[in-house]
Amino acid sequence: MSQEVASQPSANIPAGLEPENELIQARLDKLQRLREQGIDPYPPRVARTHTTAQAITAFESAADGTAPINVQLAGRIISWRLMGRSLFAHISDSTGRVQLYFKKDDLGEESYEHLKHDFDIGDFIQVSGYMFRTKTGEVSGHITAYRLVSKSLHPLPEKWHGLKDVETRYRQRYLDLIANEEVRKIFIARSRVVTAMRHFLDDRGFLEVETPILQPLYGGASARPFETYHKALDRKLFLRISDELYLKRLIVAGLDKVYEIGRDFRNEGIDTKHNPEFTMMECYQAYADYTDMMELTESMVAFIATQVLGATKITYQGQEIDLRPPWPRYTMRDIILKYSGVDIAVSTTLESLRAAMREQNLKEADAGPTWGKQVDEIFKAYVEPHLSGPAFVMDYPVELSPLAKRKPGAPLLVERFEAFVGGFELANAFSELNDPLDQRERFLDQGRQQAAGDEDAQPLDEDYIQALMVGMPPTGGLGIGVDRLVMVLTDQASIREVILFPQLRT
RNA sequence: GGGCGCGUAGCUCAACUGGCAGAGCAGCUGACUCUUAAUCAGCUGGUUGAGGGUUCAAGUCCCUCCGCGCUCACCA
């Protein structure tokens, strides 16, 4: 408790950096030694002529090793093999890794001792020398001079087994990325997915836009929002649950093809397919309908797969899936009939639907409160698990889709589809509702559902109705869950494996 | 929120029906001038997630809490 006892350890360590164990203490000791030698362990600049990959390529492409390939390299030390008067190490950078060879004869006694005693795995080092090939065939750098460029004070995960603990992997993702090559590949793939998506949309003439994340009113999806507060305006704001209503305002505005790739926030549970913040691509195309969006979806996904993986054939959790267009299309009615025996075109009321379910011996346990919700329940329970896909399921109950246009000749349905790959929803799209009066009615119906206890019902957005009154052309809209697309393309079962910093407690 | 499982050294993992908390890697000391999971000798390293209980004795059994995973519910 007393000051004398509490502040005992190493006077040269700043408060807050007390060593938690001897491994850190050993590195702090080295740091101290370096400073005593007048060496700055964190110099402001580093010099290098080649990345690790460039150094190796330069050597290999040199015609006949007559002229030496001189290089200056820099990177993180990831392995260290001391063999008496010589020493091998590997350094890595984002382009790869290269082996370094140090010899006492080349460096001199003092320099070699400094190297031996003051460096650790994890440190960043700058070296200069020339490239050569070892007896065992590895292209390496023969180092004649070196310099510390950043001292590491915390040990890295073990070299062979790497870092496996899931919680540490998520909480200290930097360690995960350093230690686990496969993880790095997933996030590189993720970046390429987004790049390919942009290319595809840009090539088709879509304009990338940005719309508000902080919104006075949320909408565009059935979900509970996060709330926040703006002090200067003294008002409640919501984090968006979708981009939809703003993007359609831009269709009204005459920007005929727009898209946005951005973060949405939904105040809901967390599981292997849901993170409270996630990335959504939404695009809207004037003078198009939902069939155009189907073509857009399958073409885009196939293009992205080809760009990122080099093929449209993928394996997802053991299932072989070919994303090559065209994807099979099923009406919701047909596919429900196929897997459950219930015909929702015949059973068009909640009562008759439940009767038909009893007839087919389907459990009614989670019976929906309305016809549309019951249809959704049947679909999720009996159809969705079969949809390894890719597949389009089209023509949804109107009640579930307050922003979609009604299907001509089918009063209970709207022109909407969802795309399924690997057994879960990847995309959602519809012919956008552009009738302002019908839209108002749909919002009012949502209000009734909310009054009946549905927390996810969408609030009436008068400002959006007003935009529709100005006039929106027939328009097709599409949303693709980017995280889920990355899951499918990288064969990951959990959304946390494709989000760098997934939501965790505390 | 419910059910099931997990939490041991910096990392990866052991520890039988309760019986002295261990190994490999990493670290430290030494040997070794083409190694690559280098090798060899020696040494150090623990609030067994936290708190309580049962017991002569708890990593192990019981309770509460924290965290993580899977799953159901909820939810696109």
# chains A, B, ... in the order shown; residues from 1 in each chain; ligands from 1
$ interface_residues --of "chain A" --to "chain B" --cutoff "7 Å" --atoms "only C-alpha atoms (C1' of nucleotides)" --output "list in words"
Leu23, Arg81, Met83, Gly84, Arg85, Ser86, Phe88, Lys103, Thr134, Lys135, Pro155, Pro157, Glu158, Trp160, His161, Leu163, Glu167, Glu268 and Gly269 of chain A
$ write_last_selection --atoms "N, CA, C and O atoms" --output "mmCIF file, in the first residue's frame"
data_model
loop_
_atom_site.group_PDB
_atom_site.id
_atom_site.type_symbol
_atom_site.label_atom_id
_atom_site.label_comp_id
_atom_site.auth_asym_id
_atom_site.auth_seq_id
_atom_site.Cartn_x
_atom_site.Cartn_y
_atom_site.Cartn_z
ATOM 1 N N LEU A 23 9.883 -11.623 -19.414
ATOM 2 C CA LEU A 23 10.159 -11.487 -20.841
ATOM 3 C C LEU A 23 10.187 -10.022 -21.248
ATOM 4 O O LEU A 23 11.033 -9.579 -22.016
ATOM 5 N N ARG A 81 18.308 -17.396 -35.557
ATOM 6 C CA ARG A 81 19.061 -18.632 -35.304
ATOM 7 C C ARG A 81 20.537 -18.284 -35.133
ATOM 8 O O ARG A 81 21.246 -18.019 -36.104
ATOM 9 N N MET A 83 24.286 -19.180 -34.382
ATOM 10 C CA MET A 83 25.132 -20.361 -34.484
ATOM 11 C C MET A 83 26.583 -19.993 -34.219
ATOM 12 O O MET A 83 27.435 -20.056 -35.106
ATOM 13 N N GLY A 84 26.851 -19.559 -33.009
ATOM 14 C CA GLY A 84 28.219 -19.188 -32.697
ATOM 15 C C GLY A 84 28.630 -17.916 -33.397
ATOM 16 O O GLY A 84 28.093 -16.854 -33.098
ATOM 17 N N ARG A 85 29.520 -18.035 -34.354
ATOM 18 C CA ARG A 85 30.036 -16.823 -35.000
ATOM 19 C C ARG A 85 29.276 -16.446 -36.273
ATOM 20 O O ARG A 85 29.710 -15.619 -37.043
ATOM 21 N N SER A 86 28.134 -17.106 -36.493
ATOM 22 C CA SER A 86 27.242 -16.634 -37.563
ATOM 23 C C SER A 86 25.805 -16.729 -37.082
ATOM 24 O O SER A 86 25.510 -17.387 -36.087
ATOM 25 N N PHE A 88 21.575 -16.552 -38.477
ATOM 26 C CA PHE A 88 20.543 -16.437 -39.508
ATOM 27 C C PHE A 88 19.281 -15.865 -38.897
ATOM 28 O O PHE A 88 18.927 -16.201 -37.769
ATOM 29 N N LYS A 103 27.626 -12.539 -40.294
ATOM 30 C CA LYS A 103 28.844 -13.263 -39.949
ATOM 31 C C LYS A 103 29.722 -12.360 -39.099
ATOM 32 O O LYS A 103 29.902 -11.180 -39.410
ATOM 33 N N THR A 134 21.930 -19.552 -50.379
ATOM 34 C CA THR A 134 22.596 -20.421 -49.405
ATOM 35 C C THR A 134 22.781 -21.824 -49.982
ATOM 36 O O THR A 134 22.202 -22.158 -51.011
ATOM 37 N N LYS A 135 23.538 -22.628 -49.254
ATOM 38 C CA LYS A 135 23.758 -24.017 -49.661
ATOM 39 C C LYS A 135 22.451 -24.773 -49.830
ATOM 40 O O LYS A 135 22.321 -25.635 -50.682
ATOM 41 N N PRO A 155 6.664 -9.850 -26.322
ATOM 42 C CA PRO A 155 6.960 -11.028 -27.147
ATOM 43 C C PRO A 155 5.834 -11.334 -28.139
ATOM 44 O O PRO A 155 4.661 -11.083 -27.864
ATOM 45 N N PRO A 157 3.601 -14.074 -30.525
ATOM 46 C CA PRO A 157 3.111 -15.445 -30.337
ATOM 47 C C PRO A 157 4.151 -16.458 -30.813
ATOM 48 O O PRO A 157 5.041 -16.134 -31.593
ATOM 49 N N GLU A 158 4.010 -17.661 -30.355
ATOM 50 C CA GLU A 158 4.979 -18.707 -30.639
ATOM 51 C C GLU A 158 5.101 -18.958 -32.141
ATOM 52 O O GLU A 158 4.122 -18.957 -32.886
ATOM 53 N N TRP A 160 5.802 -21.544 -34.067
ATOM 54 C CA TRP A 160 5.318 -22.724 -34.783
ATOM 55 C C TRP A 160 3.812 -22.881 -34.698
ATOM 56 O O TRP A 160 3.116 -23.060 -35.697
ATOM 57 N N HIS A 161 3.277 -22.809 -33.495
ATOM 58 C CA HIS A 161 1.831 -22.987 -33.333
ATOM 59 C C HIS A 161 1.057 -21.702 -33.578
ATOM 60 O O HIS A 161 -0.151 -21.747 -33.747
ATOM 61 N N LEU A 163 -0.825 -18.125 -33.029
ATOM 62 C CA LEU A 163 -1.797 -17.658 -32.051
ATOM 63 C C LEU A 163 -3.137 -18.290 -32.377
ATOM 64 O O LEU A 163 -3.687 -18.086 -33.449
ATOM 65 N N GLU A 167 -10.215 -15.497 -28.564
ATOM 66 C CA GLU A 167 -10.454 -14.202 -27.928
ATOM 67 C C GLU A 167 -9.260 -13.260 -28.127
ATOM 68 O O GLU A 167 -9.430 -12.092 -28.469
ATOM 69 N N GLU A 268 -28.877 -5.241 -32.506
ATOM 70 C CA GLU A 268 -29.421 -6.585 -32.370
ATOM 71 C C GLU A 268 -28.365 -7.536 -31.848
ATOM 72 O O GLU A 268 -27.228 -7.163 -31.611
ATOM 73 N N GLY A 269 -28.768 -8.764 -31.715
ATOM 74 C CA GLY A 269 -27.868 -9.787 -31.166
ATOM 75 C C GLY A 269 -26.662 -10.030 -32.054
ATOM 76 O O GLY A 269 -26.648 -9.665 -33.230
#
$ select_by_dssp --residues "segment 370-442 of chain A" --states "strand (DSSP E or B)" --output "JSON, numbers by chain"
{"A": [391, 392, 393, 394, 395, 396, 397, 404, 406, 407, 410, 411, 412, 413, 414, 415, 416, 417, 418, 419, 420, 421, 424, 425, 426, 427, 428, 429, 430, 431, 432]}
$ residues_around --residues "segment 439-456 of chain A" --least-positions-apart "2" --cutoff "10 Å" --atoms "only C-alpha atoms (C1' of nucleotides)" --output "mmCIF file with all heavy atoms, in the first residue's frame"
data_model
loop_
_atom_site.group_PDB
_atom_site.id
_atom_site.type_symbol
_atom_site.label_atom_id
_atom_site.label_comp_id
_atom_site.auth_asym_id
_atom_site.auth_seq_id
_atom_site.Cartn_x
_atom_site.Cartn_y
_atom_site.Cartn_z
ATOM 1 N N GLY A 219 -34.376 4.170 -41.391
ATOM 2 C CA GLY A 219 -35.314 3.474 -42.255
ATOM 3 C C GLY A 219 -34.605 2.628 -43.284
ATOM 4 O O GLY A 219 -33.380 2.549 -43.317
ATOM 5 N N ALA A 221 -34.893 -0.674 -43.607
ATOM 6 C CA ALA A 221 -34.769 -2.072 -43.238
ATOM 7 C C ALA A 221 -35.603 -2.309 -41.991
ATOM 8 O O ALA A 221 -36.036 -1.366 -41.330
ATOM 9 C CB ALA A 221 -33.313 -2.436 -42.973
ATOM 10 N N SER A 222 -35.822 -3.560 -41.669
ATOM 11 C CA SER A 222 -36.543 -3.902 -40.452
ATOM 12 C C SER A 222 -35.531 -4.239 -39.381
ATOM 13 O O SER A 222 -35.017 -5.353 -39.331
ATOM 14 C CB SER A 222 -37.458 -5.112 -40.698
ATOM 15 O OG SER A 222 -38.387 -4.806 -41.707
ATOM 16 N N ALA A 223 -35.224 -3.257 -38.551
ATOM 17 C CA ALA A 223 -34.217 -3.497 -37.523
ATOM 18 C C ALA A 223 -34.273 -2.385 -36.498
ATOM 19 O O ALA A 223 -34.713 -1.273 -36.789
ATOM 20 C CB ALA A 223 -32.824 -3.541 -38.151
ATOM 21 N N ARG A 224 -33.815 -2.700 -35.308
ATOM 22 C CA ARG A 224 -33.736 -1.680 -34.263
ATOM 23 C C ARG A 224 -32.460 -0.863 -34.448
ATOM 24 O O ARG A 224 -31.395 -1.425 -34.712
ATOM 25 C CB ARG A 224 -33.694 -2.348 -32.882
ATOM 26 C CG ARG A 224 -34.949 -2.109 -32.072
ATOM 27 C CD ARG A 224 -34.937 -2.946 -30.817
ATOM 28 N NE ARG A 224 -34.852 -4.372 -31.130
ATOM 29 C CZ ARG A 224 -34.644 -5.306 -30.203
ATOM 30 N NH1 ARG A 224 -34.470 -4.975 -28.953
ATOM 31 N NH2 ARG A 224 -34.591 -6.580 -30.557
ATOM 32 N N PRO A 225 -32.546 0.447 -34.300
ATOM 33 C CA PRO A 225 -31.362 1.288 -34.515
ATOM 34 C C PRO A 225 -30.601 1.571 -33.221
ATOM 35 O O PRO A 225 -31.126 1.385 -32.126
ATOM 36 C CB PRO A 225 -31.987 2.583 -35.014
ATOM 37 C CG PRO A 225 -33.282 2.670 -34.255
ATOM 38 C CD PRO A 225 -33.759 1.247 -34.073
ATOM 39 N N PRO A 369 -47.419 -14.074 -36.427
ATOM 40 C CA PRO A 369 -48.677 -13.423 -36.062
ATOM 41 C C PRO A 369 -49.529 -13.017 -37.264
ATOM 42 O O PRO A 369 -50.704 -12.720 -37.112
ATOM 43 C CB PRO A 369 -48.219 -12.187 -35.282
ATOM 44 C CG PRO A 369 -46.872 -11.884 -35.826
ATOM 45 C CD PRO A 369 -46.268 -13.202 -36.241
ATOM 46 N N THR A 370 -48.932 -13.002 -38.431
ATOM 47 C CA THR A 370 -49.687 -12.605 -39.615
ATOM 48 C C THR A 370 -49.325 -13.544 -40.768
ATOM 49 O O THR A 370 -48.344 -14.294 -40.678
ATOM 50 C CB THR A 370 -49.324 -11.173 -40.053
ATOM 51 O OG1 THR A 370 -47.932 -11.154 -40.406
ATOM 52 C CG2 THR A 370 -49.587 -10.167 -38.951
ATOM 53 N N VAL A 398 -46.039 -8.850 -49.429
ATOM 54 C CA VAL A 398 -45.989 -7.388 -49.419
ATOM 55 C C VAL A 398 -45.747 -6.857 -48.014
ATOM 56 O O VAL A 398 -45.036 -5.870 -47.806
ATOM 57 C CB VAL A 398 -47.284 -6.778 -50.022
ATOM 58 C CG1 VAL A 398 -48.515 -7.179 -49.213
ATOM 59 C CG2 VAL A 398 -47.182 -5.266 -50.129
ATOM 60 N N GLU A 399 -46.306 -7.549 -47.058
ATOM 61 C CA GLU A 399 -46.248 -7.087 -45.677
ATOM 62 C C GLU A 399 -44.801 -7.021 -45.145
ATOM 63 O O GLU A 399 -44.483 -6.199 -44.293
ATOM 64 C CB GLU A 399 -47.069 -8.079 -44.858
ATOM 65 C CG GLU A 399 -46.985 -7.911 -43.391
ATOM 66 C CD GLU A 399 -47.452 -9.193 -42.704
ATOM 67 O OE1 GLU A 399 -48.274 -9.947 -43.281
ATOM 68 O OE2 GLU A 399 -46.982 -9.436 -41.586
ATOM 69 N N LEU A 400 -43.916 -7.878 -45.698
ATOM 70 C CA LEU A 400 -42.527 -7.906 -45.247
ATOM 71 C C LEU A 400 -41.674 -6.873 -45.959
ATOM 72 O O LEU A 400 -40.498 -6.715 -45.635
ATOM 73 C CB LEU A 400 -41.919 -9.292 -45.502
ATOM 74 C CG LEU A 400 -42.598 -10.494 -44.867
ATOM 75 C CD1 LEU A 400 -41.945 -11.786 -45.334
ATOM 76 C CD2 LEU A 400 -42.540 -10.383 -43.345
ATOM 77 N N SER A 401 -42.274 -6.198 -46.941
ATOM 78 C CA SER A 401 -41.458 -5.400 -47.850
ATOM 79 C C SER A 401 -42.117 -4.063 -48.129
ATOM 80 O O SER A 401 -42.634 -3.815 -49.215
ATOM 81 C CB SER A 401 -41.289 -6.161 -49.174
ATOM 82 O OG SER A 401 -41.033 -7.527 -48.943
ATOM 83 N N PRO A 402 -42.090 -3.179 -47.161
ATOM 84 C CA PRO A 402 -42.843 -1.928 -47.295
ATOM 85 C C PRO A 402 -42.252 -0.951 -48.305
ATOM 86 O O PRO A 402 -42.881 0.070 -48.596
ATOM 87 C CB PRO A 402 -42.797 -1.351 -45.880
ATOM 88 C CG PRO A 402 -41.599 -1.959 -45.253
ATOM 89 C CD PRO A 402 -41.470 -3.326 -45.840
ATOM 90 N N LEU A 403 -41.084 -1.250 -48.850
ATOM 91 C CA LEU A 403 -40.474 -0.311 -49.785
ATOM 92 C C LEU A 403 -40.421 -0.873 -51.208
ATOM 93 O O LEU A 403 -39.821 -0.271 -52.090
ATOM 94 C CB LEU A 403 -39.049 0.023 -49.319
ATOM 95 C CG LEU A 403 -38.961 0.646 -47.914
ATOM 96 C CD1 LEU A 403 -37.533 0.625 -47.398
ATOM 97 C CD2 LEU A 403 -39.495 2.080 -47.923
ATOM 98 N N ALA A 404 -41.065 -2.048 -51.389
ATOM 99 C CA ALA A 404 -41.009 -2.695 -52.702
ATOM 100 C C ALA A 404 -42.330 -2.552 -53.448
ATOM 101 O O ALA A 404 -43.406 -2.444 -52.847
ATOM 102 C CB ALA A 404 -40.664 -4.168 -52.536
ATOM 103 N N LYS A 405 -42.213 -2.579 -54.759
ATOM 104 C CA LYS A 405 -43.388 -2.383 -55.601
ATOM 105 C C LYS A 405 -44.212 -3.663 -55.686
ATOM 106 O O LYS A 405 -43.658 -4.765 -55.769
ATOM 107 C CB LYS A 405 -42.934 -1.955 -57.011
ATOM 108 C CG LYS A 405 -44.082 -1.626 -57.952
ATOM 109 C CD LYS A 405 -43.579 -1.067 -59.268
ATOM 110 C CE LYS A 405 -43.168 0.387 -59.095
ATOM 111 N NZ LYS A 405 -42.961 1.053 -60.412
ATOM 112 N N LEU A 433 -40.595 0.789 -54.787
ATOM 113 C CA LEU A 433 -41.910 1.423 -54.745
ATOM 114 C C LEU A 433 -41.741 2.916 -55.007
ATOM 115 O O LEU A 433 -41.051 3.607 -54.263
ATOM 116 C CB LEU A 433 -42.555 1.191 -53.375
ATOM 117 C CG LEU A 433 -43.921 1.831 -53.151
ATOM 118 C CD1 LEU A 433 -44.926 1.408 -54.213
ATOM 119 C CD2 LEU A 433 -44.430 1.494 -51.765
ATOM 120 N N ASN A 434 -42.372 3.416 -56.073
ATOM 121 C CA ASN A 434 -42.236 4.837 -56.380
ATOM 122 C C ASN A 434 -43.578 5.558 -56.359
ATOM 123 O O ASN A 434 -43.667 6.719 -56.754
ATOM 124 C CB ASN A 434 -41.526 5.030 -57.728
ATOM 125 C CG ASN A 434 -42.280 4.389 -58.874
ATOM 126 O OD1 ASN A 434 -43.193 3.594 -58.653
ATOM 127 N ND2 ASN A 434 -41.898 4.737 -60.097
ATOM 128 N N ASP A 435 -44.618 4.857 -55.910
ATOM 129 C CA ASP A 435 -45.940 5.478 -55.771
ATOM 130 C C ASP A 435 -46.020 6.092 -54.382
ATOM 131 O O ASP A 435 -46.088 5.377 -53.382
ATOM 132 C CB ASP A 435 -47.010 4.388 -55.965
ATOM 133 C CG ASP A 435 -48.421 4.892 -55.689
ATOM 134 O OD1 ASP A 435 -48.580 5.982 -55.081
ATOM 135 O OD2 ASP A 435 -49.362 4.180 -56.065
ATOM 136 N N PRO A 436 -45.995 7.438 -54.290
ATOM 137 C CA PRO A 436 -45.921 8.061 -52.954
ATOM 138 C C PRO A 436 -47.135 7.762 -52.086
ATOM 139 O O PRO A 436 -47.000 7.675 -50.864
ATOM 140 C CB PRO A 436 -45.811 9.560 -53.266
ATOM 141 C CG PRO A 436 -46.163 9.729 -54.703
ATOM 142 C CD PRO A 436 -45.975 8.407 -55.390
ATOM 143 N N LEU A 437 -48.279 7.601 -52.715
ATOM 144 C CA LEU A 437 -49.483 7.363 -51.905
ATOM 145 C C LEU A 437 -49.482 5.946 -51.352
ATOM 146 O O LEU A 437 -49.802 5.710 -50.193
ATOM 147 C CB LEU A 437 -50.742 7.632 -52.743
ATOM 148 C CG LEU A 437 -50.794 9.052 -53.333
ATOM 149 C CD1 LEU A 437 -52.081 9.255 -54.121
ATOM 150 C CD2 LEU A 437 -50.659 10.108 -52.236
ATOM 151 N N GLN A 458 -40.877 -0.130 -39.575
ATOM 152 C CA GLN A 458 -40.197 1.081 -40.024
ATOM 153 C C GLN A 458 -41.040 2.328 -39.774
ATOM 154 O O GLN A 458 -42.238 2.317 -40.005
ATOM 155 C CB GLN A 458 -39.887 0.975 -41.525
ATOM 156 C CG GLN A 458 -39.064 -0.258 -41.842
ATOM 157 C CD GLN A 458 -38.572 -0.277 -43.271
ATOM 158 O OE1 GLN A 458 -38.252 0.754 -43.838
ATOM 159 N NE2 GLN A 458 -38.522 -1.467 -43.848
ATOM 160 N N PRO A 459 -40.393 3.381 -39.306
ATOM 161 C CA PRO A 459 -41.137 4.607 -39.018
ATOM 162 C C PRO A 459 -41.489 5.365 -40.299
ATOM 163 O O PRO A 459 -40.797 5.258 -41.306
ATOM 164 C CB PRO A 459 -40.156 5.417 -38.168
ATOM 165 C CG PRO A 459 -38.811 4.963 -38.613
ATOM 166 C CD PRO A 459 -38.961 3.518 -38.989
ATOM 167 N N LEU A 460 -42.563 6.107 -40.220
ATOM 168 C CA LEU A 460 -43.010 6.939 -41.346
ATOM 169 C C LEU A 460 -42.006 8.058 -41.593
ATOM 170 O O LEU A 460 -41.643 8.796 -40.681
ATOM 171 C CB LEU A 460 -44.389 7.531 -41.019
ATOM 172 C CG LEU A 460 -44.950 8.577 -41.981
ATOM 173 C CD1 LEU A 460 -45.126 7.996 -43.383
ATOM 174 C CD2 LEU A 460 -46.276 9.111 -41.464
ATOM 175 N N ASP A 461 -41.564 8.159 -42.834
ATOM 176 C CA ASP A 461 -40.578 9.177 -43.197
ATOM 177 C C ASP A 461 -41.229 10.146 -44.164
ATOM 178 O O ASP A 461 -41.250 9.933 -45.371
ATOM 179 C CB ASP A 461 -39.354 8.495 -43.812
ATOM 180 C CG ASP A 461 -38.183 9.471 -44.002
ATOM 181 O OD1 ASP A 461 -38.436 10.688 -44.137
ATOM 182 O OD2 ASP A 461 -37.032 9.004 -44.026
ATOM 183 N N GLU A 462 -41.781 11.232 -43.632
ATOM 184 C CA GLU A 462 -42.527 12.194 -44.440
ATOM 185 C C GLU A 462 -41.643 12.849 -45.483
ATOM 186 O O GLU A 462 -42.065 13.126 -46.605
ATOM 187 C CB GLU A 462 -43.158 13.283 -43.549
ATOM 188 C CG GLU A 462 -44.378 12.856 -42.774
ATOM 189 C CD GLU A 462 -45.615 12.630 -43.651
ATOM 190 O OE1 GLU A 462 -45.524 12.783 -44.885
ATOM 191 O OE2 GLU A 462 -46.668 12.280 -43.081
ATOM 192 N N TYR A 464 -39.185 11.570 -46.956
ATOM 193 C CA TYR A 464 -38.973 10.637 -48.067
ATOM 194 C C TYR A 464 -40.202 10.580 -48.973
ATOM 195 O O TYR A 464 -40.093 10.582 -50.203
ATOM 196 C CB TYR A 464 -38.659 9.238 -47.513
ATOM 197 C CG TYR A 464 -38.534 8.180 -48.578
ATOM 198 C CD1 TYR A 464 -37.515 8.230 -49.524
ATOM 199 C CD2 TYR A 464 -39.458 7.129 -48.655
ATOM 200 C CE1 TYR A 464 -37.415 7.267 -50.513
ATOM 201 C CE2 TYR A 464 -39.352 6.160 -49.641
ATOM 202 C CZ TYR A 464 -38.334 6.237 -50.567
ATOM 203 O OH TYR A 464 -38.239 5.288 -51.549
ATOM 204 N N ILE A 465 -41.393 10.580 -48.363
ATOM 205 C CA ILE A 465 -42.629 10.610 -49.155
ATOM 206 C C ILE A 465 -42.640 11.846 -50.054
ATOM 207 O O ILE A 465 -42.998 11.783 -51.230
ATOM 208 C CB ILE A 465 -43.874 10.670 -48.230
ATOM 209 C CG1 ILE A 465 -43.870 9.493 -47.271
ATOM 210 C CG2 ILE A 465 -45.151 10.769 -49.051
ATOM 211 C CD1 ILE A 465 -44.585 8.274 -47.729
ATOM 212 N N GLN A 466 -42.201 12.937 -49.473
ATOM 213 C CA GLN A 466 -42.194 14.182 -50.245
ATOM 214 C C GLN A 466 -41.272 14.068 -51.454
ATOM 215 O O GLN A 466 -41.596 14.530 -52.549
ATOM 216 C CB GLN A 466 -41.748 15.338 -49.348
ATOM 217 C CG GLN A 466 -42.019 16.689 -49.988
ATOM 218 C CD GLN A 466 -41.697 17.839 -49.048
ATOM 219 O OE1 GLN A 466 -41.601 17.638 -47.839
ATOM 220 N NE2 GLN A 466 -41.541 19.023 -49.598
ATOM 221 N N LEU A 468 -40.616 11.287 -53.028
ATOM 222 C CA LEU A 468 -41.321 10.449 -54.009
ATOM 223 C C LEU A 468 -42.381 11.247 -54.755
ATOM 224 O O LEU A 468 -42.645 11.006 -55.935
ATOM 225 C CB LEU A 468 -41.976 9.246 -53.322
ATOM 226 C CG LEU A 468 -41.062 8.141 -52.792
ATOM 227 C CD1 LEU A 468 -41.898 6.977 -52.287
ATOM 228 C CD2 LEU A 468 -40.076 7.662 -53.862
ATOM 229 P P C B 75 -37.633 -11.070 -34.378
ATOM 230 O OP1 C B 75 -38.607 -9.968 -34.438
ATOM 231 O OP2 C B 75 -37.964 -12.391 -34.935
ATOM 232 O "O5'" C B 75 -36.298 -10.572 -35.081
ATOM 233 C "C5'" C B 75 -35.725 -9.319 -34.748
ATOM 234 C "C4'" C B 75 -34.304 -9.256 -35.220
ATOM 235 O "O4'" C B 75 -33.610 -10.462 -34.838
ATOM 236 C "C3'" C B 75 -34.098 -9.188 -36.739
ATOM 237 O "O3'" C B 75 -34.239 -7.861 -37.206
ATOM 238 C "C2'" C B 75 -32.688 -9.725 -36.889
ATOM 239 O "O2'" C B 75 -31.736 -8.733 -36.591
ATOM 240 C "C1'" C B 75 -32.634 -10.800 -35.804
ATOM 241 N N1 C B 75 -32.919 -12.150 -36.321
ATOM 242 C C2 C B 75 -31.935 -12.816 -37.047
ATOM 243 O O2 C B 75 -30.853 -12.251 -37.238
ATOM 244 N N3 C B 75 -32.192 -14.051 -37.528
ATOM 245 C C4 C B 75 -33.371 -14.628 -37.308
ATOM 246 N N4 C B 75 -33.580 -15.839 -37.792
ATOM 247 C C5 C B 75 -34.405 -13.956 -36.574
ATOM 248 C C6 C B 75 -34.138 -12.739 -36.109
#
$ residues_around --residues "segment 54-58 of chain B" --least-positions-apart "2" --cutoff "7 Å" --atoms "only C-alpha atoms (C1' of nucleotides)" --output "list of chain:residue names"
B:G18, B:G19, B:U60
$ residues_around --residues "Ile91 of chain A" --least-positions-apart "5" --cutoff "7 Å" --atoms "only C-alpha atoms (C1' of nucleotides)" --output "ChimeraX atom specification"
/A:75-78,97-99
$ write_last_selection --atoms "C-alpha atoms" --output "PDB file, in the first residue's frame"
ATOM      1  CA  GLY A  75      11.495  -5.426 -41.699  1.00  0.00           C
ATOM      2  CA  ARG A  76      10.320  -7.155 -38.561  1.00  0.00           C
ATOM      3  CA  ILE A  77      12.523  -9.921 -37.238  1.00  0.00           C
ATOM      4  CA  ILE A  78      10.436 -13.078 -37.196  1.00  0.00           C
ATOM      5  CA  ARG A  97       9.973 -12.547 -45.933  1.00  0.00           C
ATOM      6  CA  VAL A  98      13.655 -12.883 -46.591  1.00  0.00           C
ATOM      7  CA  GLN A  99      16.484 -14.607 -44.761  1.00  0.00           C
TER       8      GLN A  99
END
$ residues_around --residues "Thr312 of chain A" --least-positions-apart "2" --cutoff "8 Å" --atoms "only C-alpha atoms (C1' of nucleotides)" --output "NGL selection string"
:A and (302 or 305-306 or 309-310 or 314 or 322-324)
$ select_by_dssp --residues "segment 171-276 of chain A" --states "alpha helix (DSSP H)" --output "VMD selection string"
chain A and resid 171 173 to 179 181 to 203 244 to 252
$ residues_around --residues "C65 of chain B" --least-positions-apart "5" --cutoff "12 Å" --atoms "only C-alpha atoms (C1' of nucleotides)" --output "list in words"
G49, A50, G51 and G52 of chain B
$ write_last_selection --atoms "N, CA, C and O atoms (P, O5', C5', C4', C3', O3' and C1' of nucleotides)" --output "compact mmCIF listing (two decimals), in the first residue's frame"
# COMPACT_ATOMS: atom_id res chain seq x y z
P G B 49 -8.13 -20.70 -14.47
O5' G B 49 -8.43 -19.14 -14.51
C5' G B 49 -7.49 -18.26 -15.10
C4' G B 49 -8.04 -16.85 -15.05
C3' G B 49 -8.62 -16.46 -13.69
O3' G B 49 -7.62 -15.99 -12.81
C1' G B 49 -10.18 -15.97 -15.38
P A B 50 -7.79 -16.26 -11.23
O5' A B 50 -8.95 -15.26 -10.80
C5' A B 50 -8.74 -13.86 -10.84
C4' A B 50 -9.94 -13.15 -10.28
C3' A B 50 -10.39 -13.64 -8.90
O3' A B 50 -9.66 -13.05 -7.85
C1' A B 50 -12.25 -13.53 -10.35
P G B 51 -9.40 -13.89 -6.51
O5' G B 51 -10.85 -13.94 -5.84
C5' G B 51 -11.45 -12.76 -5.34
C4' G B 51 -12.88 -13.00 -4.94
C3' G B 51 -13.11 -14.10 -3.91
O3' G B 51 -12.81 -13.70 -2.59
C1' G B 51 -14.68 -14.32 -5.64
P G B 52 -12.37 -14.80 -1.53
O5' G B 52 -13.67 -15.71 -1.38
C5' G B 52 -14.62 -15.43 -0.37
C4' G B 52 -15.90 -16.20 -0.57
C3' G B 52 -15.94 -17.62 -0.03
O3' G B 52 -16.08 -17.67 1.38
C1' G B 52 -16.88 -17.59 -2.17
